[in-house]
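Trainee: Data file input10.cif (mmCIF, C-alpha atoms) is appended below.
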```cif
data_input
#
loop_
_atom_site.group_PDB
_atom_site.id
_atom_site.type_symbol
_atom_site.label_atom_id
_atom_site.label_comp_id
_atom_site.auth_asym_id
_atom_site.auth_seq_id
_atom_site.Cartn_x
_atom_site.Cartn_y
_atom_site.Cartn_z
ATOM 1 C CA MET A 1478 16.172 16.864 -23.909
ATOM 2 C CA ARG A 1479 16.578 20.543 -24.650
ATOM 3 C CA VAL A 1480 17.640 22.656 -21.699
ATOM 4 C CA GLU A 1481 15.160 25.357 -22.720
ATOM 5 C CA TYR A 1482 12.379 23.116 -21.373
ATOM 6 C CA ILE A 1483 13.839 22.904 -17.905
ATOM 7 C CA ASN A 1484 14.931 26.509 -17.387
ATOM 8 C CA PRO A 1485 11.393 27.921 -17.023
ATOM 9 C CA PHE A 1486 10.677 25.313 -14.318
ATOM 10 C CA VAL A 1487 13.865 26.144 -12.455
ATOM 11 C CA GLU A 1488 13.245 29.889 -12.659
ATOM 12 C CA ALA A 1489 9.623 29.456 -11.576
ATOM 13 C CA ALA A 1490 10.608 27.184 -8.686
ATOM 14 C CA PHE A 1491 13.196 29.709 -7.580
ATOM 15 C CA ASN A 1492 10.727 32.637 -7.780
ATOM 16 C CA ILE A 1493 7.792 30.904 -6.128
ATOM 17 C CA LEU A 1494 9.836 29.240 -3.356
ATOM 18 C CA THR A 1495 11.539 32.535 -2.531
ATOM 19 C CA GLU A 1496 8.158 34.267 -2.399
ATOM 20 C CA VAL A 1497 6.181 31.737 -0.360
ATOM 21 C CA LEU A 1498 8.934 30.525 1.978
ATOM 22 C CA LYS A 1499 10.442 33.988 2.541
ATOM 23 C CA THR A 1500 13.844 32.402 2.936
ATOM 24 C CA GLU A 1501 17.046 32.033 0.970
ATOM 25 C CA VAL A 1502 16.795 29.624 -1.946
ATOM 26 C CA LYS A 1503 19.814 28.401 -3.939
ATOM 27 C CA ARG A 1504 19.923 26.633 -7.263
ATOM 28 C CA GLY A 1505 22.251 23.628 -7.477
ATOM 29 C CA GLU A 1506 23.972 22.138 -10.506
ATOM 30 C CA LEU A 1507 21.804 20.533 -13.156
ATOM 31 C CA TYR A 1508 22.430 16.850 -13.809
ATOM 32 C CA LEU A 1509 21.178 14.124 -16.083
ATOM 33 C CA LYS A 1510 19.724 11.171 -14.274
ATOM 34 C CA SER A 1511 20.373 7.513 -14.851
ATOM 35 C CA SER A 1512 17.405 5.436 -16.027
ATOM 36 C CA SER A 1513 16.157 4.745 -12.496
ATOM 37 C CA MET A 1514 16.628 6.874 -9.430
ATOM 38 C CA PRO A 1515 15.263 6.961 -5.915
ATOM 39 C CA VAL A 1516 12.432 9.323 -5.019
ATOM 40 C CA LEU A 1517 13.091 11.390 -1.919
ATOM 41 C CA GLY A 1518 9.778 10.750 -0.120
ATOM 42 C CA ILE A 1519 6.980 13.145 -1.090
ATOM 43 C CA THR A 1520 6.589 13.926 -4.751
ATOM 44 C CA ALA A 1521 4.156 16.002 -6.760
ATOM 45 C CA ILE A 1522 3.826 14.967 -10.395
ATOM 46 C CA VAL A 1523 2.395 17.052 -13.232
ATOM 47 C CA GLY A 1524 1.914 15.597 -16.708
ATOM 48 C CA LEU A 1525 2.264 17.570 -19.958
ATOM 49 C CA ALA A 1526 0.687 16.746 -23.313
ATOM 50 C CA GLY A 1527 0.652 18.752 -26.541
ATOM 51 C CA ASP A 1528 3.532 20.016 -28.728
ATOM 52 C CA VAL A 1529 5.700 18.581 -25.984
ATOM 53 C CA GLU A 1530 4.966 15.640 -23.715
ATOM 54 C CA GLY A 1531 6.366 14.291 -20.499
ATOM 55 C CA ARG A 1532 6.196 14.981 -16.793
ATOM 56 C CA VAL A 1533 7.655 17.150 -14.075
ATOM 57 C CA LEU A 1534 8.335 15.913 -10.543
ATOM 58 C CA PHE A 1535 8.763 18.109 -7.501
ATOM 59 C CA ASP A 1536 10.518 15.758 -5.159
ATOM 60 C CA MET A 1537 11.508 16.239 -1.522
ATOM 61 C CA ALA A 1538 12.046 14.346 1.730
ATOM 62 C CA GLU A 1539 8.981 14.106 3.992
ATOM 63 C CA LYS A 1540 10.698 16.257 6.612
ATOM 64 C CA THR A 1541 11.305 18.982 4.003
ATOM 65 C CA ALA A 1542 7.713 18.756 2.723
ATOM 66 C CA LEU A 1543 6.329 19.143 6.254
ATOM 67 C CA GLU A 1544 8.572 22.130 6.955
ATOM 68 C CA VAL A 1545 7.627 23.733 3.633
ATOM 69 C CA ALA A 1546 3.927 23.123 4.358
ATOM 70 C CA SER A 1547 4.367 24.556 7.876
ATOM 71 C CA ALA A 1548 6.039 27.695 6.508
ATOM 72 C CA MET A 1549 3.346 28.164 3.859
ATOM 73 C CA ASN A 1550 0.529 27.717 6.386
ATOM 74 C CA GLY A 1551 2.118 29.737 9.169
ATOM 75 C CA GLU A 1552 1.601 26.867 11.601
ATOM 76 C CA LYS A 1553 3.358 23.636 12.576
ATOM 77 C CA ILE A 1554 2.312 20.677 10.433
ATOM 78 C CA ASP A 1555 3.917 17.493 11.728
ATOM 79 C CA LYS A 1556 2.224 14.796 9.702
ATOM 80 C CA ASN A 1557 1.550 14.221 6.034
ATOM 81 C CA ASP A 1558 -2.181 14.911 6.341
ATOM 82 C CA GLU A 1559 -4.733 16.365 3.904
ATOM 83 C CA LEU A 1560 -3.586 19.935 4.544
ATOM 84 C CA ALA A 1561 0.086 19.045 3.996
ATOM 85 C CA LYS A 1562 -0.794 17.337 0.707
ATOM 86 C CA ALA A 1563 -3.038 20.226 -0.389
ATOM 87 C CA THR A 1564 -0.207 22.639 0.360
ATOM 88 C CA ILE A 1565 2.415 20.747 -1.647
ATOM 89 C CA THR A 1566 -0.123 20.358 -4.474
ATOM 90 C CA GLU A 1567 -0.675 24.105 -4.489
ATOM 91 C CA LEU A 1568 3.074 24.716 -4.492
ATOM 92 C CA ALA A 1569 3.417 22.462 -7.560
ATOM 93 C CA ASN A 1570 0.456 24.263 -9.172
ATOM 94 C CA MET A 1571 1.995 27.686 -8.703
ATOM 95 C CA ILE A 1572 5.446 26.679 -9.973
ATOM 96 C CA THR A 1573 4.007 24.842 -12.971
ATOM 97 C CA ALA A 1574 1.665 27.721 -13.888
ATOM 98 C CA GLN A 1575 4.539 30.195 -13.951
ATOM 99 C CA ALA A 1576 6.803 27.856 -15.950
ATOM 100 C CA VAL A 1577 4.117 26.976 -18.454
ATOM 101 C CA THR A 1578 3.273 30.633 -19.036
ATOM 102 C CA LYS A 1579 6.910 31.133 -20.020
ATOM 103 C CA LEU A 1580 6.907 28.064 -22.307
ATOM 104 C CA HIS A 1581 3.669 29.211 -23.961
ATOM 105 C CA GLU A 1582 5.244 32.620 -24.555
ATOM 106 C CA ILE A 1583 8.146 31.026 -26.421
ATOM 107 C CA GLY A 1584 5.741 29.070 -28.582
ATOM 108 C CA PHE A 1585 5.171 25.637 -27.017
ATOM 109 C CA GLN A 1586 1.503 24.725 -26.676
ATOM 110 C CA PHE A 1587 0.438 21.927 -24.354
ATOM 111 C CA ASP A 1588 -1.990 21.039 -21.565
ATOM 112 C CA LEU A 1589 -1.249 19.985 -18.024
ATOM 113 C CA THR A 1590 -2.705 17.383 -15.733
ATOM 114 C CA PRO A 1591 -3.654 18.458 -12.198
ATOM 115 C CA PRO A 1592 -0.811 17.609 -9.803
ATOM 116 C CA ALA A 1593 -0.925 14.247 -8.042
ATOM 117 C CA ILE A 1594 1.027 13.587 -4.868
ATOM 118 C CA PHE A 1595 2.635 10.286 -4.061
ATOM 119 C CA SER A 1596 4.481 9.498 -0.887
ATOM 120 C CA GLY A 1597 6.307 6.596 0.675
ATOM 121 C CA SER A 1598 9.733 5.134 1.251
ATOM 122 C CA ASN A 1599 12.005 3.060 -0.997
ATOM 123 C CA MET A 1600 10.353 4.320 -4.174
ATOM 124 C CA GLU A 1601 12.132 4.946 -7.410
ATOM 125 C CA VAL A 1602 11.190 6.530 -10.707
ATOM 126 C CA THR A 1603 12.132 5.074 -14.082
ATOM 127 C CA ASP A 1604 11.825 6.847 -17.420
ATOM 128 C CA VAL A 1605 12.425 4.434 -20.229
ATOM 129 C CA ALA A 1606 11.629 6.632 -23.181
ATOM 130 C CA ILE A 1607 12.622 10.150 -22.087
ATOM 131 C CA GLU A 1608 15.794 11.286 -20.372
ATOM 132 C CA ALA A 1609 15.279 13.394 -17.267
ATOM 133 C CA LEU A 1610 17.147 16.473 -16.128
ATOM 134 C CA ILE A 1611 17.250 17.326 -12.456
ATOM 135 C CA VAL A 1612 17.909 20.616 -10.772
ATOM 136 C CA PRO A 1613 18.287 20.528 -7.001
ATOM 137 C CA ILE A 1614 17.004 23.629 -5.237
ATOM 138 C CA GLN A 1615 18.414 24.132 -1.766
ATOM 139 C CA THR A 1616 16.161 25.801 0.803
ATOM 140 C CA THR A 1617 16.648 26.265 4.542
ATOM 141 C CA PHE A 1618 14.130 23.429 4.963
ATOM 142 C CA GLY A 1619 16.108 21.003 2.823
ATOM 143 C CA LYS A 1620 16.511 20.046 -0.816
ATOM 144 C CA ILE A 1621 13.721 20.101 -3.397
ATOM 145 C CA GLU A 1622 14.520 18.431 -6.710
ATOM 146 C CA ILE A 1623 12.866 19.620 -9.890
ATOM 147 C CA ASN A 1624 12.948 16.586 -12.150
ATOM 148 C CA VAL A 1625 11.865 17.292 -15.720
ATOM 149 C CA ALA A 1626 11.435 14.716 -18.493
ATOM 150 C CA ILE A 1627 9.954 16.336 -21.603
ATOM 151 C CA ARG A 1628 10.311 15.644 -25.296
ATOM 152 C CA GLU A 1629 8.877 17.135 -28.450
ATOM 153 C CA LYS A 1630 6.016 15.098 -29.804
ATOM 154 C CA LYS A 1631 6.879 13.302 -33.006
ATOM 155 C CA MET B 585 1.194 72.526 35.651
ATOM 156 C CA LYS B 586 -0.051 69.396 33.990
ATOM 157 C CA THR B 587 -2.780 69.644 31.442
ATOM 158 C CA LYS B 588 -4.847 66.637 30.600
ATOM 159 C CA MET B 589 -5.220 66.246 26.874
ATOM 160 C CA ASP B 590 -7.205 63.724 24.901
ATOM 161 C CA PHE B 591 -5.225 62.465 21.965
ATOM 162 C CA PRO B 592 -6.888 60.224 19.429
ATOM 163 C CA ASN B 593 -5.441 56.736 19.705
ATOM 164 C CA ILE B 594 -3.601 56.425 16.419
ATOM 165 C CA ASN B 595 -2.692 52.817 17.086
ATOM 166 C CA GLN B 596 -6.261 51.693 16.989
ATOM 167 C CA ARG B 597 -7.810 51.338 13.600
ATOM 168 C CA LYS B 598 -11.030 49.736 12.558
ATOM 169 C CA PRO B 599 -10.349 46.282 11.069
ATOM 170 C CA GLU B 600 -10.924 46.249 7.306
ATOM 171 C CA GLY B 601 -13.488 43.487 7.630
ATOM 172 C CA LEU B 602 -15.996 45.538 9.592
ATOM 173 C CA ARG B 603 -18.633 47.841 8.171
ATOM 174 C CA GLU B 604 -19.368 51.288 9.566
ATOM 175 C CA ASP B 605 -22.009 49.757 11.856
ATOM 176 C CA GLY B 606 -19.418 47.350 13.297
ATOM 177 C CA LYS B 607 -20.868 44.239 11.639
ATOM 178 C CA ALA B 608 -18.500 41.960 9.729
ATOM 179 C CA PHE B 609 -18.521 41.633 5.940
ATOM 180 C CA ARG B 610 -19.575 38.075 5.086
ATOM 181 C CA VAL B 611 -17.472 36.127 2.603
ATOM 182 C CA LEU B 612 -18.007 32.923 0.624
ATOM 183 C CA ILE B 613 -14.760 31.178 -0.411
ATOM 184 C CA VAL B 614 -15.019 28.874 -3.445
ATOM 185 C CA ASP B 615 -11.809 26.882 -4.033
ATOM 186 C CA ASP B 616 -10.943 23.208 -4.471
ATOM 187 C CA SER B 617 -7.667 23.598 -2.571
ATOM 188 C CA MET B 618 -7.905 23.187 1.178
ATOM 189 C CA PHE B 619 -4.667 25.158 1.431
ATOM 190 C CA VAL B 620 -5.958 28.178 -0.497
ATOM 191 C CA THR B 621 -9.304 28.152 1.347
ATOM 192 C CA LYS B 622 -7.476 28.162 4.664
ATOM 193 C CA GLN B 623 -5.038 30.852 3.525
ATOM 194 C CA ILE B 624 -7.785 33.239 2.341
ATOM 195 C CA GLY B 625 -9.833 32.437 5.461
ATOM 196 C CA GLN B 626 -6.936 33.250 7.783
ATOM 197 C CA ILE B 627 -6.115 36.527 6.047
ATOM 198 C CA LEU B 628 -9.722 37.713 6.072
ATOM 199 C CA THR B 629 -10.695 36.605 9.583
ATOM 200 C CA SER B 630 -7.586 38.330 10.962
ATOM 201 C CA GLU B 631 -9.129 41.573 9.665
ATOM 202 C CA GLY B 632 -12.549 40.892 11.149
ATOM 203 C CA PHE B 633 -14.283 39.428 8.063
ATOM 204 C CA GLU B 634 -16.674 36.556 8.656
ATOM 205 C CA ILE B 635 -16.305 33.447 6.502
ATOM 206 C CA ALA B 636 -19.995 32.713 5.915
ATOM 207 C CA ALA B 637 -19.275 29.467 4.020
ATOM 208 C CA THR B 638 -16.752 27.639 1.877
ATOM 209 C CA ALA B 639 -17.303 25.489 -1.213
ATOM 210 C CA SER B 640 -14.928 23.200 -3.082
ATOM 211 C CA ASN B 641 -16.333 23.537 -6.607
ATOM 212 C CA GLY B 642 -18.399 25.965 -8.666
ATOM 213 C CA GLU B 643 -21.657 24.063 -8.328
ATOM 214 C CA GLU B 644 -21.428 23.983 -4.548
ATOM 215 C CA GLY B 645 -20.390 27.651 -4.616
ATOM 216 C CA LEU B 646 -23.521 28.600 -6.556
ATOM 217 C CA GLU B 647 -25.744 26.659 -4.143
ATOM 218 C CA LYS B 648 -24.088 28.232 -1.108
ATOM 219 C CA TYR B 649 -24.436 31.719 -2.611
ATOM 220 C CA LYS B 650 -28.168 31.202 -3.121
ATOM 221 C CA GLU B 651 -28.547 29.859 0.429
ATOM 222 C CA LEU B 652 -26.661 32.789 1.952
ATOM 223 C CA TYR B 653 -28.218 35.507 -0.223
ATOM 224 C CA PRO B 654 -28.668 38.365 0.633
ATOM 225 C CA LYS B 655 -26.390 37.901 3.643
ATOM 226 C CA VAL B 656 -23.217 37.567 1.597
ATOM 227 C CA ASP B 657 -21.001 40.515 0.685
ATOM 228 C CA LEU B 658 -18.147 38.951 -1.247
ATOM 229 C CA VAL B 659 -17.146 35.770 -3.066
ATOM 230 C CA THR B 660 -13.579 34.634 -3.774
ATOM 231 C CA MET B 661 -13.767 32.296 -6.759
ATOM 232 C CA ASP B 662 -11.005 29.951 -7.917
ATOM 233 C CA ILE B 663 -10.941 29.525 -11.709
ATOM 234 C CA THR B 664 -9.844 25.919 -12.176
ATOM 235 C CA MET B 665 -12.108 23.557 -10.235
ATOM 236 C CA PRO B 666 -13.749 20.182 -10.852
ATOM 237 C CA ILE B 667 -17.502 19.687 -11.592
ATOM 238 C CA MET B 668 -18.141 23.360 -12.398
ATOM 239 C CA ASP B 669 -15.263 25.786 -12.955
ATOM 240 C CA GLY B 670 -15.091 29.295 -11.546
ATOM 241 C CA VAL B 671 -16.049 31.082 -14.759
ATOM 242 C CA ALA B 672 -19.265 29.065 -15.152
ATOM 243 C CA ALA B 673 -20.116 29.563 -11.461
ATOM 244 C CA LEU B 674 -19.477 33.303 -11.796
ATOM 245 C CA GLU B 675 -21.827 33.486 -14.765
ATOM 246 C CA LYS B 676 -24.588 31.684 -12.859
ATOM 247 C CA ILE B 677 -24.165 33.764 -9.701
ATOM 248 C CA ILE B 678 -24.305 36.997 -11.750
ATOM 249 C CA GLU B 679 -27.492 35.706 -13.454
ATOM 250 C CA PHE B 680 -28.984 35.249 -9.984
ATOM 251 C CA ASP B 681 -27.606 38.492 -8.457
ATOM 252 C CA LYS B 682 -26.181 41.003 -10.911
ATOM 253 C CA ASN B 683 -24.637 43.004 -8.042
ATOM 254 C CA ALA B 684 -22.618 40.095 -6.619
ATOM 255 C CA ASN B 685 -19.088 41.068 -5.581
ATOM 256 C CA ILE B 686 -16.920 38.310 -7.011
ATOM 257 C CA ILE B 687 -13.113 38.243 -7.017
ATOM 258 C CA MET B 688 -11.467 35.642 -9.235
ATOM 259 C CA ILE B 689 -8.464 33.784 -7.837
ATOM 260 C CA SER B 690 -6.216 32.812 -10.714
ATOM 261 C CA ALA B 691 -3.005 30.942 -11.332
ATOM 262 C CA LEU B 692 -0.547 32.701 -13.596
ATOM 263 C CA GLY B 693 -1.161 32.114 -17.283
ATOM 264 C CA LYS B 694 -4.959 32.261 -17.173
ATOM 265 C CA GLN B 695 -5.195 35.822 -18.496
ATOM 266 C CA ASP B 696 -7.819 34.869 -21.077
ATOM 267 C CA LEU B 697 -10.080 33.410 -18.418
ATOM 268 C CA VAL B 698 -9.519 36.384 -16.110
ATOM 269 C CA LYS B 699 -10.456 38.748 -18.948
ATOM 270 C CA LYS B 700 -13.543 36.685 -19.732
ATOM 271 C CA SER B 701 -14.532 36.729 -16.044
ATOM 272 C CA LEU B 702 -14.199 40.512 -15.830
ATOM 273 C CA LEU B 703 -16.381 40.854 -18.944
ATOM 274 C CA LEU B 704 -18.953 38.527 -17.357
ATOM 275 C CA GLY B 705 -19.148 40.674 -14.227
ATOM 276 C CA ALA B 706 -16.338 39.721 -11.848
ATOM 277 C CA LYS B 707 -15.305 42.824 -9.912
ATOM 278 C CA ASN B 708 -11.625 42.013 -9.520
ATOM 279 C CA TYR B 709 -8.997 39.269 -9.625
ATOM 280 C CA ILE B 710 -5.922 38.125 -7.707
ATOM 281 C CA VAL B 711 -3.076 36.117 -9.233
ATOM 282 C CA LYS B 712 -1.499 33.458 -7.011
ATOM 283 C CA PRO B 713 0.679 33.139 -4.961
ATOM 284 C CA LEU B 714 -1.559 34.960 -2.506
ATOM 285 C CA ASP B 715 -0.300 37.127 0.288
ATOM 286 C CA ARG B 716 -1.985 39.233 2.924
ATOM 287 C CA LYS B 717 -1.325 42.592 1.276
ATOM 288 C CA LYS B 718 -2.482 41.474 -2.175
ATOM 289 C CA VAL B 719 -5.673 39.857 -0.854
ATOM 290 C CA LEU B 720 -6.714 42.734 1.431
ATOM 291 C CA GLU B 721 -5.988 45.375 -1.218
ATOM 292 C CA ARG B 722 -8.174 43.689 -3.839
ATOM 293 C CA VAL B 723 -10.918 42.834 -1.360
ATOM 294 C CA MET B 724 -11.171 46.414 -0.083
ATOM 295 C CA MET B 725 -11.038 47.802 -3.623
ATOM 296 C CA THR B 726 -14.001 45.551 -4.450
ATOM 297 C CA LEU B 727 -16.073 46.412 -1.381
ATOM 298 C CA LYS B 728 -15.619 50.192 -1.638
#
```
Written as structure tokens, how would this file's structure read?
Mentor:
Amino acid sequence: MRVEYINPFVEAAFNILTEVLKTEVKRGELYLKSSSMPVLGITAIVGLAGDVEGRVLFDMAEKTALEVASAMNGEKIDKNDELAKATITELANMITAQAVTKLHEIGFQFDLTPPAIFSGSNMEVTDVAIEALIVPIQTTFGKIEINVAIREKK
Amino acid sequence: MKTKMDFPNINQRKPEGLREDGKAFRVLIVDDSMFVTKQIGQILTSEGFEIAATASNGEEGLEKYKELYPKVDLVTMDITMPIMDGVAALEKIIEFDKNANIIMISALGKQDLVKKSLLLGAKNYIVKPLDRKKVLERVMMTLK
């Protein structure tokens, strides 16, 4: 997978998280994942289809998701309820919109699916056909992994 | 000798959400995200605005606008929504009330739809992520 696909997502995640969390955000080292890997707990998924196809995951532990949702709402959210899910969905929407704008500007045309949230323990994600690149983003609330698997459509 | 003087209280200002007569501006929020609805609601109520109603898609937004009319001063309208999107709802509300004050709430990258909305009669737009300053600035610009 070309790194130019992932950079807009990492930049957008960095910009949006810094803006909405009003806290220090650090980008970790990019790595290539093995075919299956565990999911941290609460994950937003956005699908892409067009000149390029694949999916982007925004993956974090439940504790991190609840703290992020609390910070974004300005109030304590201590369970993964409708508001928590709506907040993480909106976070994924904002990051994806900024990244996709950048990708459209450099000439890639594709559509997105609305984000879906899945949550639970002992889950893993497997990409058989597309390799995934992961960039961990460290926030004061914990780690958020941006997991991007995109390929050019044949 | 002490002289009693009346200074105007510079720390007290009229909340932005109140008209000259002290009544609150009434707002309809149309957005499919519970988070965004709550965020806009919190920002506006903290300035004295009244949230007259909320709707989670364009069709519901249009119905609520007609129900509230003429006691509705402002609509915040998300662009991407299920059933009826924000641009279609805007068009129908403007057909019903050409003076409607509608602000489009847009994700980044929807410039074409924002432009179309402004041509169709939207008064203003805000690009997400939202914050207090951005929302109040655009709302007051629209109501003045």
Trainee: So the first atom is atom CA of B:Val614 and the second is atom CA of B:Glu600; what is the distance between them in Å, to one decimal place?
Mentor: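 Pair atom CA of B:Val614 / atom CA of B:Glu600 returns 20.8 Å.
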Trainee: Which residue out of A:Lys1510, A:Lys1499, A:Pro1515, A:Ala1526 has the minimum interatomic distance to chain B when all atoms listed in the file are used?
Mentor: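 When distances to chain B are compared using all atoms listed in the file, the smallest one comes from A:Lys1499.
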Trainee: Could you please tell me, as a list in words, which residues of chain B have an atom within 12 Å of chain A when using only C-alpha atoms?
Mentor: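 Every residue meeting the condition is included here: Asp615, Asp616, Ser617, Met618, Phe619, Val620, Thr621, Lys622, Gln623, Ile624, Gly625, Gln626, Ile627, Thr664, Met665, Pro666, Ser690, Ala691, Leu692, Gly693, Lys694, Gln695, Val711, Lys712, Pro713, Leu714, Asp715 and Arg716 of chain B.
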Trainee: Export, as a compact mmCIF listing (two decimals), keeping the file's coordinate frame, the selected residues with C-alpha atoms.
Mentor:
```txt
# COMPACT_ATOMS: atom_id res chain seq x y z
CA ASP B 615 -11.81 26.88 -4.03
CA ASP B 616 -10.94 23.21 -4.47
CA SER B 617 -7.67 23.60 -2.57
CA MET B 618 -7.90 23.19 1.18
CA PHE B 619 -4.67 25.16 1.43
CA VAL B 620 -5.96 28.18 -0.50
CA THR B 621 -9.30 28.15 1.35
CA LYS B 622 -7.48 28.16 4.66
CA GLN B 623 -5.04 30.85 3.52
CA ILE B 624 -7.78 33.24 2.34
CA GLY B 625 -9.83 32.44 5.46
CA GLN B 626 -6.94 33.25 7.78
CA ILE B 627 -6.12 36.53 6.05
CA THR B 664 -9.84 25.92 -12.18
CA MET B 665 -12.11 23.56 -10.24
CA PRO B 666 -13.75 20.18 -10.85
CA SER B 690 -6.22 32.81 -10.71
CA ALA B 691 -3.00 30.94 -11.33
CA LEU B 692 -0.55 32.70 -13.60
CA GLY B 693 -1.16 32.11 -17.28
CA LYS B 694 -4.96 32.26 -17.17
CA GLN B 695 -5.20 35.82 -18.50
CA VAL B 711 -3.08 36.12 -9.23
CA LYS B 712 -1.50 33.46 -7.01
CA PRO B 713 0.68 33.14 -4.96
CA LEU B 714 -1.56 34.96 -2.51
CA ASP B 715 -0.30 37.13 0.29
CA ARG B 716 -1.98 39.23 2.92
```
Trainee: For the structure shown, which residues end up in the PyMOL selection byres ((chain A and resi 1617) around 7)? Put them as number ranges by chain, please?
Mentor: A: 1500-1501, 1615-1616, 1618-1619
Trainee: Select, counting all atoms listed in the file, all protein, DNA and RNA residues no farther than 12 Å from (-6.0, 43.8, 0.1) in file coordinates, and express the selection as a PyMOL selection string.
Mentor: chain B and resi 600-601+624+627-628+631+687+708-710+714-728
Trainee: As a check of understanding, name the residues that the PyMOL selection byres ((chain A and resi 1518) around 10) selects in the supplied structure, as a list in words.
Mentor: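 Applying the PyMOL selection byres ((chain A and resi 1518) around 10) to the structure shown produces Pro1515, Val1516, Leu1517, Ile1519, Thr1520, Asp1536, Met1537, Ala1538, Glu1539, Lys1540, Thr1541, Ala1542, Phe1595, Ser1596, Gly1597, Ser1598, Asn1599, Met1600 and Glu1601 of chain A.
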Trainee: Interatomic distance between atom CA of A:Asp1588 and atom CA of A:Val1602?
Mentor: 22.4 Å
Trainee: Work out how far atom CA of B:Leu703 is from atom CA of B:Leu658, in Å to one decimal.
Mentor: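 Atom CA of B:Leu703 lies at a distance of 17.9 Å from atom CA of B:Leu658.
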Trainee: I need the output of the PyMOL selection byres ((chain B and resi 704) around 8) for this file as a PyMOL selection string; which residues are they?
Mentor: chain B and resi 674-675+678+700-703+705-706
Trainee: Counting all atoms listed in the file, write as a VMD selection string all protein and nucleic acid residues lying at most 10 Å from (-23.4, 33.1, 5.1) in the file's frame.
Mentor: chain B and resid 609 to 612 634 to 638 648 to 657
Trainee: Take the residues from that selection and write them out as a PDB file, keeping the file's coordinate frame, keeping C-alpha atoms.
Mentor:
```pdb
ATOM      1  CA  PHE B 609     -18.521  41.633   5.940  1.00  0.00           C
ATOM      2  CA  ARG B 610     -19.575  38.075   5.086  1.00  0.00           C
ATOM      3  CA  VAL B 611     -17.472  36.127   2.603  1.00  0.00           C
ATOM      4  CA  LEU B 612     -18.007  32.923   0.624  1.00  0.00           C
ATOM      5  CA  GLU B 634     -16.674  36.556   8.656  1.00  0.00           C
ATOM      6  CA  ILE B 635     -16.305  33.447   6.502  1.00  0.00           C
ATOM      7  CA  ALA B 636     -19.995  32.713   5.915  1.00  0.00           C
ATOM      8  CA  ALA B 637     -19.275  29.467   4.020  1.00  0.00           C
ATOM      9  CA  THR B 638     -16.752  27.639   1.877  1.00  0.00           C
ATOM     10  CA  LYS B 648     -24.088  28.232  -1.108  1.00  0.00           C
ATOM     11  CA  TYR B 649     -24.436  31.719  -2.611  1.00  0.00           C
ATOM     12  CA  LYS B 650     -28.168  31.202  -3.121  1.00  0.00           C
ATOM     13  CA  GLU B 651     -28.547  29.859   0.429  1.00  0.00           C
ATOM     14  CA  LEU B 652     -26.661  32.789   1.952  1.00  0.00           C
ATOM     15  CA  TYR B 653     -28.218  35.507  -0.223  1.00  0.00           C
ATOM     16  CA  PRO B 654     -28.668  38.365   0.633  1.00  0.00           C
ATOM     17  CA  LYS B 655     -26.390  37.901   3.643  1.00  0.00           C
ATOM     18  CA  VAL B 656     -23.217  37.567   1.597  1.00  0.00           C
ATOM     19  CA  ASP B 657     -21.001  40.515   0.685  1.00  0.00           C
TER      20      ASP B 657
END
```
Trainee: Any idea what's packed within 6 Å of A:Glu1622, counting only C-alpha atoms, ignoring anything in its chain fewer than 4 positions away? Could you give it as number ranges by chain?
Mentor: A: 1535-1536, 1612-1614
Trainee: Check the smallest atom-to-atom distance from each of B:Gly632, B:Met661, B:Phe680, B:Ile613 to B:Lys598 using all atoms listed in the file, then report the winner.
Mentor: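 Checking each candidate against B:Lys598, we get B:Gly632 as the closest.
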Trainee: Using only C-alpha atoms, can you tell me which of A:Val1529, A:Ile1621, A:Leu1509, A:Lys1553 comes closest to A:Tyr1482?
Mentor: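 Selected residue with least distance to A:Tyr1482: A:Val1529.
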Trainee: May I ask which of the residues B:Ser640, B:Asp590, B:Gly606, B:Leu646 is the closest one to B:Glu679, counting all atoms listed in the file?
Mentor: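 Looking only at the distances to B:Glu679, the closest residue turns out to be B:Leu646.
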Trainee: For each of A:Glu1544, A:Val1625, A:Phe1587, A:Asp1558, take the minimum atom-to-atom distance to A:Asp1604, counting all atoms listed in the file, then give the residue where this is smallest.
Mentor: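 Of A:Glu1544, A:Val1625, A:Phe1587, A:Asp1558, the one nearest A:Asp1604 is A:Val1625, counting all atoms listed in the file.
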Trainee: Please enclose the listed atoms of stretch 1604-1610 of chain A in an axis-aligned box, pad each side by 8 Å, and write out the centre and the three edge lengths in Å, rounded to one decimal, as lines of an AutoDock Vina configuration file.
Mentor:
```
center_x = 14.4
center_y = 10.5
center_z = -19.7
size_x = 21.5
size_y = 28.0
size_z = 23.1
```
